[in-house]
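As stored in run.csv (CSV, C-alpha atoms):
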```csv
chain,number,residue,atom,x,y,z
A,1,GLN,CA,0.0,0.0,0.0
A,2,VAL,CA,1.3,3.5,-0.9
A,3,GLN,CA,0.1,6.8,0.5
A,4,LEU,CA,0.6,10.0,-1.4
A,5,MET,CA,0.9,13.3,0.5
A,6,GLU,CA,0.8,16.6,-1.5
A,7,SER,CA,2.0,20.0,-0.3
A,8,GLY,CA,2.8,23.4,-1.6
A,9,GLY,CA,-0.6,24.7,-2.8
A,10,GLY,CA,-1.8,28.1,-1.9
A,11,LEU,CA,-2.9,31.5,-3.2
A,12,VAL,CA,-0.7,33.2,-5.8
A,13,GLN,CA,-1.1,36.2,-8.1
A,14,PRO,CA,-1.3,35.8,-11.8
A,15,GLY,CA,2.2,35.5,-13.3
A,16,GLY,CA,3.5,34.0,-10.0
A,17,SER,CA,5.0,30.6,-9.2
A,18,LEU,CA,4.4,27.7,-7.0
A,19,ARG,CA,6.0,24.3,-6.4
A,20,LEU,CA,3.9,21.3,-5.5
A,21,SER,CA,5.4,18.3,-3.9
A,22,CYS,CA,4.1,14.7,-3.6
A,23,ALA,CA,5.8,12.4,-1.2
A,24,ALA,CA,5.1,8.7,-1.5
A,25,SER,CA,5.3,6.4,1.4
A,26,GLY,CA,5.5,2.6,1.0
A,27,ASN,CA,6.5,0.5,-2.0
A,28,ASP,CA,4.5,-0.9,-4.8
A,29,PHE,CA,6.4,-2.3,-7.8
A,30,SER,CA,3.4,-2.1,-10.0
A,31,ILE,CA,3.7,1.7,-10.1
A,32,ASN,CA,4.8,2.7,-13.5
A,33,SER,CA,4.2,6.5,-13.5
A,34,MET,CA,3.8,9.5,-11.2
A,35,GLY,CA,1.9,12.5,-12.1
A,36,TRP,CA,-0.3,15.5,-11.3
A,37,TYR,CA,-4.0,15.9,-12.2
A,38,ARG,CA,-6.2,18.9,-11.5
A,39,GLN,CA,-9.9,19.5,-11.1
A,40,ALA,CA,-11.5,22.9,-11.3
A,41,PRO,CA,-15.1,23.5,-10.0
A,42,GLY,CA,-17.6,22.1,-12.4
A,43,LYS,CA,-15.0,20.4,-14.6
A,44,GLN,CA,-13.6,16.9,-15.0
A,45,ARG,CA,-10.3,15.9,-13.5
A,46,GLU,CA,-7.6,16.3,-16.1
A,47,LEU,CA,-4.0,15.3,-16.6
A,48,VAL,CA,-1.5,18.1,-16.0
A,49,ALA,CA,1.8,16.3,-16.2
A,50,ARG,CA,3.1,12.7,-15.8
A,51,ILE,CA,6.5,11.1,-15.6
A,52,THR,CA,7.0,7.3,-16.2
A,53,THR,CA,9.4,5.1,-14.4
A,54,GLY,CA,11.4,5.1,-17.6
A,55,GLY,CA,11.6,8.9,-17.6
A,56,ILE,CA,9.1,9.7,-20.3
A,57,ILE,CA,7.3,13.0,-19.6
A,58,ASP,CA,3.9,14.2,-20.8
A,59,TYR,CA,2.3,17.6,-20.3
A,60,SER,CA,-1.1,18.9,-21.2
A,61,ASP,CA,-1.0,21.5,-23.9
A,62,SER,CA,-2.3,24.1,-21.5
A,63,VAL,CA,0.7,23.9,-19.3
A,64,LYS,CA,3.5,23.2,-21.7
A,65,GLY,CA,6.4,25.7,-21.3
A,66,ARG,CA,5.1,26.8,-17.9
A,67,PHE,CA,5.1,23.7,-15.7
A,68,THR,CA,7.9,21.3,-15.1
A,69,ILE,CA,7.5,17.9,-13.5
A,70,SER,CA,10.5,16.2,-11.8
A,71,ARG,CA,11.2,13.5,-9.3
A,72,ASP,CA,13.7,12.7,-6.7
A,73,ASN,CA,13.9,8.9,-6.5
A,74,ALA,CA,15.9,8.9,-3.3
A,75,LYS,CA,13.1,10.9,-1.5
A,76,ASN,CA,10.3,9.1,-3.3
A,77,THR,CA,9.0,12.6,-4.2
A,78,VAL,CA,7.6,14.1,-7.3
A,79,TYR,CA,7.5,17.9,-7.9
A,80,LEU,CA,5.5,20.2,-10.1
A,81,GLN,CA,7.1,23.5,-10.6
A,82,MET,CA,4.5,26.0,-11.9
A,83,LYS,CA,5.4,29.3,-13.4
A,84,SER,CA,3.5,32.1,-15.2
A,85,LEU,CA,0.4,31.0,-13.4
A,86,LYS,CA,-3.0,32.0,-14.8
A,87,PRO,CA,-6.4,32.3,-13.2
A,88,GLU,CA,-7.5,29.3,-15.3
A,89,ASP,CA,-4.9,27.2,-13.4
A,90,THR,CA,-7.0,27.5,-10.3
A,91,ALA,CA,-8.0,24.0,-9.2
A,92,VAL,CA,-7.4,21.2,-6.7
A,93,TYR,CA,-4.2,19.5,-7.8
A,94,TYR,CA,-4.0,15.7,-7.1
A,95,CYS,CA,-0.9,13.5,-7.1
A,96,ASN,CA,-1.4,10.2,-8.9
A,97,ALA,CA,0.6,7.0,-9.0
A,98,GLY,CA,-0.3,4.9,-12.0
A,99,ARG,CA,-0.1,1.2,-11.8
A,100,LEU,CA,-0.1,-1.6,-14.3
A,101,PHE,CA,-3.5,-3.3,-14.5
A,102,ARG,CA,-4.5,-1.8,-11.1
A,103,VAL,CA,-6.4,1.1,-9.8
A,104,PRO,CA,-4.0,4.1,-9.3
A,105,TYR,CA,-3.2,5.7,-6.0
A,106,TRP,CA,-4.4,9.2,-5.4
A,107,GLY,CA,-3.4,11.9,-2.9
A,108,GLN,CA,-5.9,14.0,-1.0
A,109,GLY,CA,-5.4,17.0,-3.2
A,110,THR,CA,-4.0,20.5,-2.6
A,111,GLN,CA,-5.8,23.8,-3.6
A,112,VAL,CA,-4.1,26.2,-6.0
A,113,THR,CA,-5.7,29.5,-6.4
A,114,VAL,CA,-4.5,32.1,-8.9
A,115,SER,CA,-6.1,35.4,-8.3
A,116,SER,CA,-5.2,39.1,-7.8
```
Rewrite the structure of this file - the entire thing - as structure tokens.
Amino acid sequence: QVQLMESGGGLVQPGGSLRLSCAASGNDFSINSMGWYRQAPGKQRELVARITTGGIIDYSDSVKGRFTISRDNAKNTVYLQMKSLKPEDTAVYYCNAGRLFRVPYWGQGTQVTVSS
């Protein structure tokens, strides 16, 4: 069993930056990716960025060039560096651990609000 704990959310002005962290506790060798999803009020949860165990990275088109996902394997932690934030980035951000043929793990979510 793996638990995911997000941190780093908050209120930031447009154009500002935030860094989210997701620390994973426990081991599960079926995990093949770690990533970030977000869900804004009234909208479906969507992929923001994902990094596979092989190092392949995907970004949604809406965050390319502004967000950077990275990982520290020694700390079992995944980061999401967010720059040039826009009001439309406001959402609850969830950490995700994808697994082969199994239901993924999810964190509890952290709120990011971009507003002046």
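Put simply, atom CA of A:Ser21 is 19.0 Å away from atom CA of A:Ala40.
Using all atoms listed in the file, the nearest neighbour of A:Asp58 within the list A:Lys86, A:Gln81, A:Ser33, A:Asn76 is A:Ser33.
Here atom CA of A:Tyr93 and atom CA of A:Thr52 stand 18.6 Å from one another.
Note that atom CA of A:Val12 and atom CA of A:Arg45 are 21.2 Å apart.
Excluding A:Met82 itself and any same-chain residue fewer than 6 positions from it, the protein and nucleic acid residues within 8 Å of it, counting only C-alpha atoms, are Ser17, Leu18, Arg19, Leu20, Arg66, Phe67 and Thr68 of chain A.
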Find the residues of stretch 5-74 of chain A that sit at most 9 Å from stretch 110-113 of chain A; for each, write down the nearest two atoms and how far apart they are in Å, to one decimal. Count all atoms listed in the file. Sort by chain, then by number going up, and give it as JSON lines.
```
{"residue": "A:Glu6", "atom": "CA", "partner": "A:Thr110", "partner_atom": "CA", "distance": 6.3}
{"residue": "A:Ser7", "atom": "CA", "partner": "A:Thr110", "partner_atom": "CA", "distance": 6.4}
{"residue": "A:Gly8", "atom": "CA", "partner": "A:Thr110", "partner_atom": "CA", "distance": 7.5}
{"residue": "A:Gly9", "atom": "CA", "partner": "A:Val112", "partner_atom": "CA", "distance": 5.0}
{"residue": "A:Gly10", "atom": "CA", "partner": "A:Val112", "partner_atom": "CA", "distance": 5.1}
{"residue": "A:Leu11", "atom": "CA", "partner": "A:Thr113", "partner_atom": "CA", "distance": 4.7}
{"residue": "A:Val12", "atom": "CA", "partner": "A:Thr113", "partner_atom": "CA", "distance": 6.2}
{"residue": "A:Gln13", "atom": "CA", "partner": "A:Thr113", "partner_atom": "CA", "distance": 8.3}
{"residue": "A:Leu18", "atom": "CA", "partner": "A:Val112", "partner_atom": "CA", "distance": 8.7}
{"residue": "A:Leu20", "atom": "CA", "partner": "A:Thr110", "partner_atom": "CA", "distance": 8.5}
```
For A:Gly15, the nearest of the candidates A:Val2, A:Val114, A:Val48, A:Met34, counting all atoms listed in the file: A:Val114
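The smallest atom-to-atom distance between A:Ser116 and any of A:Cys22, A:Val103, A:Ile31, A:Leu85, using all atoms listed in the file, is found for A:Leu85.
When only C-alpha atoms are used to measure the gap to A:Ile51, the shortest distance among A:Asn96, A:Gln39, A:Ser25, A:Ser84 belongs to A:Asn96.
You can rank A:Gln44, A:Lys83, A:Arg50, A:Trp106 by their closest distance to A:Gly65 using only C-alpha atoms, and at the top of that list sits A:Lys83.
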